[in-house]
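Below is one structure; the comments refer to it alone.
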Amino acid sequence: MMSQRNSDVSALVEAEVCCTAENVPFAPGQARACTVRQVLDRVGGKWSIGILVAASHGPVRFTELEREIDGISRRMLTLTLRNLERDGLLRRKVYPTVPPKVEYTATEMALELYESLVALTNWAERHRRAIAEARTGYDLEHAG
């Protein structure tokens, strides 16, 4: 049986979190307030975790991230970096050089997430084979 404390998880996930600094709701025509689900989708996204973990170690450049994050396209990296910056999780610094040098660093808010993200990626690494085997078994059992 689920405790009362845990039974309200879906309500918590759907609860709105105001995204303005003054806790004022958005005016008509402006972006809706963030929900907890939207925040979790952003920080738990396919590419966001790797970017945030890399940026938590110190300044990182676009090309470093592109090499480090297997399978990410330039466009997806650009979009993810822009969204993480928009959400206040990354800080972008452009140096006035030719060609321009751009570095991304994790903000205090993102650094607060670091241990949780590392724990999640370590868990995924430890269990990825078992999950792959479970999927294969499920697919074989439910084929046809």
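Ordered as shown in the structure tokens, chains take letters A, B, and onward, while each chain numbers its residues from 1 and ligands are numbered from 1 in the order shown.
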Show me, as a Markdown table, the residues of region 88-141 of chain A having an atom within 9 Å of region 71-84 of chain A, each with the closest atom pair and its distance in Å, using only C-alpha atoms.
```
| residue | atom | partner | partner_atom | distance |
| --- | --- | --- | --- | --- |
| A:Gly88 | CA | A:Leu84 | CA | 6.4 |
| A:Leu89 | CA | A:Leu84 | CA | 5.2 |
| A:Leu90 | CA | A:Leu84 | CA | 5.6 |
| A:Arg91 | CA | A:Leu84 | CA | 8.6 |
| A:Arg92 | CA | A:Leu81 | CA | 8.8 |
| A:Tyr104 | CA | A:Leu81 | CA | 8.4 |
```
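Each of A:Lys93, A:Cys34, A:Glu115, A:Pro99 was checked against Ile49 (chain A) using only C-alpha atoms; the smallest atom-to-atom distance is that of A:Glu115.
Distance-wise, CA of Glu103 (chain A) and CA of Asp87 (chain A) end up 16.9 Å apart.
Nearest to Ser48 (chain A) of all the residues A:Thr121, A:Thr97, A:Thr63, A:Thr35 is A:Thr121, counting only C-alpha atoms.
Interatomic distance, CA of Val53 (chain A) to CA of Arg129 (chain A): 22.4 Å.
The two atoms in question, CA of Leu111 (chain A) and CA of Ala55 (chain A), are spaced 8.9 Å apart.
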Pick from A:Arg67, A:His142, A:Arg37, A:Arg42: nearest to Glu85 (chain A), with only C-alpha atoms counted? A:Arg42
